[in-house]
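Below is one structure, written out as structure tokens, with a few remarks after it.
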Amino acid sequence: MEPLQIIAIDGPSGAGKSSTAKRIAEALHWDYLDTGAMYRATSLALLRAGLGLEDEAALMGALGNLRLEQKGTAIFLNGEDVSVAIRSPEITRFVTPVSADGRVRKVLVEQQQHIGRRGGFVVDGRDIGTVVFPGAALKIYLTASVEARAQRRFLEQQAKGIPMSLEEVAADIQRRDTADSTRAVAPLRQAQDAVLLDSSDMTLDEVVAQIVAMWRALG
Ligand code: DC
């Protein structure tokens with residue numbers, strides 16, 4: 001089988017996956033699929049409907065009614081642009097149990113596979129190379145030290161005016177690392193055939209250039 005024209009970028013929170021993926025998509029004139037945003041938008045829909053994960057019938061009903069779209073880098077939930085709303089601290093907390101739920105993952109993974117089936121996508125997430133697109137032509141496992149990731153996230157939060165200390169940001173990153181890598185369903189792990197890239201001492205430009213060069217070397 002021909003490998004799918006997909007670059008899969010997995011890794012822990014704050015490693016720079018989404019900035020990297022967007023830039024690679026621009027460089028190759030491909031589309032970018034932000035799967036984390038899909039889990040976040042689903043969490044927002046459940047929160048707004050006052051639903052948790054306990055009531056199976058209500059959950060399945062809500063998942064059946066979800067209409068998620070990505071246009072460029074903006075995320076739409078049933079036609080509404082929720083790009084800002086899905087980045088709130090409340091959603092960042094709630095998305096951990098939501099994304100650990102096998103029923104939620106099944107629905108979103110099917111949507112992701114459907115969206116990406118024609119290829120020409122850079123996709124970032126936690127299980128893209130292992131579960132969603134195991135046939136991706138290039139798989140990257142992008143990581144960085146907790147310190148480097150916390151420092152970057154801290155500067156981003158400051159720029160957005162979100163008051164969080166460096167210690168709080170680092171604790172949040174560690175909480176998410178543990179939750180994402182120890183969950184029972186589709187835990188975060190490096191695919192066997194993924195290239196490990198540690199961005200702790202690299203600029204975004206360097207990371208992007210390396211991955212684009214790897215892609216070009218394949219073709
Ligand atoms: O990358 P992010 O922070 O926007 O992701 C939000 C959450 O969704 C995060 O807790 C990990 C989870 N996630 C996942 O489980 N699988 C994916 N493919 C993408 C994100």
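Chains: A, B, ... in order of the structure tokens. Residues: from 1 per chain. Ligands: from 1, in order shown.
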Could you list, as a PyMOL selection string, all protein and nucleic acid residues with an atom at most 10 Å from ligand 1, counting only C-alpha atoms and all ligand atoms? chain A and resi 9-18+34-43+86-87+91-101+104-105+108-109+112+123-132+173+175-177+179-181+183+185-188
Quick check for you: according to DSSP on this backbone, which residues of segment 64-101 of chain A are classed as strand (DSSP E or B)? Reply as a count of residues only. 10
Which residues of segment 52-101 of chain A sit at most 12 Å from segment 141-163 of chain A, using only C-alpha atoms? Give each one's shortest atom pair and distance in Å (one decimal place), in chain and ascending residue order, as a tab-separated table.
residue	atom	partner	partner_atom	distance
A:Val84	CA	A:Lys160	CA	11.0
A:Arg87	CA	A:Gln157	CA	10.7
A:Ser88	CA	A:Ile162	CA	9.5
A:Pro89	CA	A:Ile162	CA	9.4
Dump as a PDB file, in the first residue's frame, selection limited to N, CA, C and O atoms:
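The result, stored in selection.pdb:
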ATOM      1  N   VAL A  84     -11.313  30.658  20.186  1.00  0.00           N
ATOM      2  CA  VAL A  84     -10.841  31.268  21.437  1.00  0.00           C
ATOM      3  C   VAL A  84     -11.415  30.518  22.634  1.00  0.00           C
ATOM      4  O   VAL A  84     -10.693  30.173  23.575  1.00  0.00           O
ATOM      5  N   ARG A  87      -9.726  27.428  24.256  1.00  0.00           N
ATOM      6  CA  ARG A  87      -8.395  27.550  24.895  1.00  0.00           C
ATOM      7  C   ARG A  87      -8.502  27.970  26.349  1.00  0.00           C
ATOM      8  O   ARG A  87      -7.488  28.247  26.985  1.00  0.00           O
ATOM      9  N   SER A  88      -9.710  28.051  26.901  1.00  0.00           N
ATOM     10  CA  SER A  88      -9.849  28.523  28.285  1.00  0.00           C
ATOM     11  C   SER A  88      -9.283  27.481  29.250  1.00  0.00           C
ATOM     12  O   SER A  88      -9.245  26.286  28.940  1.00  0.00           O
ATOM     13  N   PRO A  89      -8.860  27.921  30.454  1.00  0.00           N
ATOM     14  CA  PRO A  89      -8.355  26.966  31.451  1.00  0.00           C
ATOM     15  C   PRO A  89      -9.403  25.910  31.814  1.00  0.00           C
ATOM     16  O   PRO A  89      -9.057  24.759  32.071  1.00  0.00           O
TER      17      PRO A  89
END
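Nearest to Ala8 of chain A of all the residues A:Arg67, A:Lys139, A:Arg48, A:Arg117 is A:Lys139, counting only C-alpha atoms.
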Within 12 Å of Arg118 of chain A using only C-alpha atoms, minus same-chain residues under 3 positions, as a short mmCIF file (atom, residue, chain, number, x, y, z; two decimals) with N, CA and C atoms, in the first residue's frame:
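That gives us out33.cif:
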data_model
loop_
_atom_site.label_atom_id
_atom_site.label_comp_id
_atom_site.auth_asym_id
_atom_site.auth_seq_id
_atom_site.Cartn_x
_atom_site.Cartn_y
_atom_site.Cartn_z
N PRO A 3 2.19 4.78 1.03
CA PRO A 3 1.99 5.53 2.28
C PRO A 3 1.11 6.75 2.02
N LEU A 4 0.28 7.07 3.00
CA LEU A 4 -0.64 8.20 2.87
C LEU A 4 0.15 9.51 2.96
N GLN A 5 -0.20 10.48 2.09
CA GLN A 5 0.50 11.78 2.08
C GLN A 5 0.10 12.57 3.32
N ILE A 6 0.60 12.09 4.43
CA ILE A 6 0.29 12.73 5.71
C ILE A 6 1.56 12.83 6.52
N TRP A 30 -0.17 22.42 2.01
CA TRP A 30 -1.07 21.36 2.45
C TRP A 30 -2.05 21.96 3.45
N ASP A 31 -2.97 21.12 3.92
CA ASP A 31 -3.89 21.55 4.97
C ASP A 31 -3.35 21.08 6.32
N GLN A 112 -11.52 12.15 11.92
CA GLN A 112 -10.16 12.54 11.50
C GLN A 112 -9.72 11.72 10.29
N GLN A 113 -10.02 10.42 10.34
CA GLN A 113 -9.62 9.54 9.22
C GLN A 113 -10.37 9.93 7.95
N HIS A 114 -11.62 10.31 8.12
CA HIS A 114 -12.43 10.71 6.97
C HIS A 114 -11.87 12.00 6.35
N ILE A 115 -11.56 12.97 7.22
CA ILE A 115 -11.05 14.26 6.74
C ILE A 115 -9.71 14.06 6.00
N PHE A 121 -2.19 16.44 4.22
CA PHE A 121 -2.46 17.01 5.54
C PHE A 121 -1.27 16.87 6.47
N PHE A 133 -3.52 7.61 11.80
CA PHE A 133 -2.92 7.38 10.48
C PHE A 133 -1.64 6.56 10.63
N ALA A 136 0.81 6.87 7.76
CA ALA A 136 1.33 8.19 7.37
C ALA A 136 2.73 8.06 6.80
#
I'd like the interatomic distance between atom CA of Thr73 of chain A and atom CA of Ala25 of chain A, to a tenth of an Å. 10.9 Å
For the helix (DSSP H, G or I) assignment from backbone DSSP, which residues of segment 114-203 of chain A qualify? Please present them as a VMD selection string. chain A and resid 114 to 116 128 to 132 146 to 159 166 to 182
Please produce a file of the residues just selected, as a compact mmCIF listing (two decimals), in the first residue's frame, where the atoms kept are C-alpha atoms.
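Saved result, part-v5.txt, follows:
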# COMPACT_ATOMS: atom_id res chain seq x y z
CA HIS A 114 -12.43 10.71 6.97
CA ILE A 115 -11.05 14.26 6.74
CA GLY A 116 -7.49 13.10 6.03
CA ILE A 128 -1.85 10.26 14.99
CA GLY A 129 1.08 8.01 14.05
CA THR A 130 -0.06 5.15 16.29
CA VAL A 131 -3.84 5.01 15.79
CA VAL A 132 -5.34 7.59 13.42
CA VAL A 146 9.43 20.06 30.83
CA GLU A 147 11.43 23.23 31.57
CA ALA A 148 11.60 24.30 27.93
CA ARG A 149 7.92 23.57 27.36
CA ALA A 150 6.87 25.40 30.53
CA GLN A 151 8.96 28.44 29.64
CA ARG A 152 7.40 28.68 26.16
CA ARG A 153 3.86 28.18 27.43
CA PHE A 154 4.47 30.74 30.19
CA LEU A 155 5.52 33.38 27.65
CA GLU A 156 2.47 32.59 25.49
CA GLN A 157 0.13 32.90 28.48
CA GLN A 158 1.73 36.19 29.47
CA ALA A 159 1.29 37.55 25.94
CA LEU A 166 5.91 29.57 35.68
CA GLU A 167 5.48 26.98 38.45
CA GLU A 168 1.75 26.68 37.76
CA VAL A 169 2.38 26.28 34.03
CA ALA A 170 5.02 23.58 34.68
CA ALA A 171 2.69 21.73 37.08
CA ASP A 172 -0.11 21.85 34.50
CA ILE A 173 2.20 20.46 31.80
CA GLN A 174 3.30 17.62 34.08
CA ARG A 175 -0.30 16.82 35.00
CA ARG A 176 -1.21 16.60 31.29
CA ASP A 177 1.89 14.52 30.43
CA THR A 178 0.96 11.97 33.09
CA ALA A 179 -2.71 11.90 32.12
CA ASP A 180 -2.04 11.62 28.36
CA SER A 181 0.62 8.91 28.66
CA THR A 182 -1.02 6.72 31.32
Considering only C-alpha atoms, give me a table of residues in segment 65-155 of chain A that are at most 9 Å from segment 207-216 of chain A, with the closest atom pair and distance in Å for each, as CSV.
residue,atom,partner,partner_atom,distance
A:Ala137,CA,A:Trp215,CA,8.4
A:Leu138,CA,A:Trp215,CA,6.9
A:Ile140,CA,A:Ile211,CA,8.0
Just to be explicit: take each residue in the selection above, keep N, CA and C atoms, and write the result as a CSV table (one decimal), in the first residue's frame.
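Result file is part.csv:
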chain,number,residue,atom,x,y,z
A,137,ALA,N,3.0,8.9,5.8
A,137,ALA,CA,4.3,8.8,5.1
A,137,ALA,C,5.5,9.2,6.0
A,138,LEU,N,5.2,10.2,6.9
A,138,LEU,CA,6.2,10.7,7.8
A,138,LEU,C,5.6,10.9,9.2
A,140,ILE,N,6.5,12.1,13.1
A,140,ILE,CA,7.5,12.8,14.0
A,140,ILE,C,7.0,12.7,15.4
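Candidate residues A:Ser165, A:Asp205, A:Gly135, A:Glu2 were compared for distance to Ala191 of chain A, and the nearest is A:Gly135, using only C-alpha atoms.
The gap separating atom CA of Met164 of chain A from atom CA of Ser200 of chain A is 21.4 Å, in Å to one decimal.
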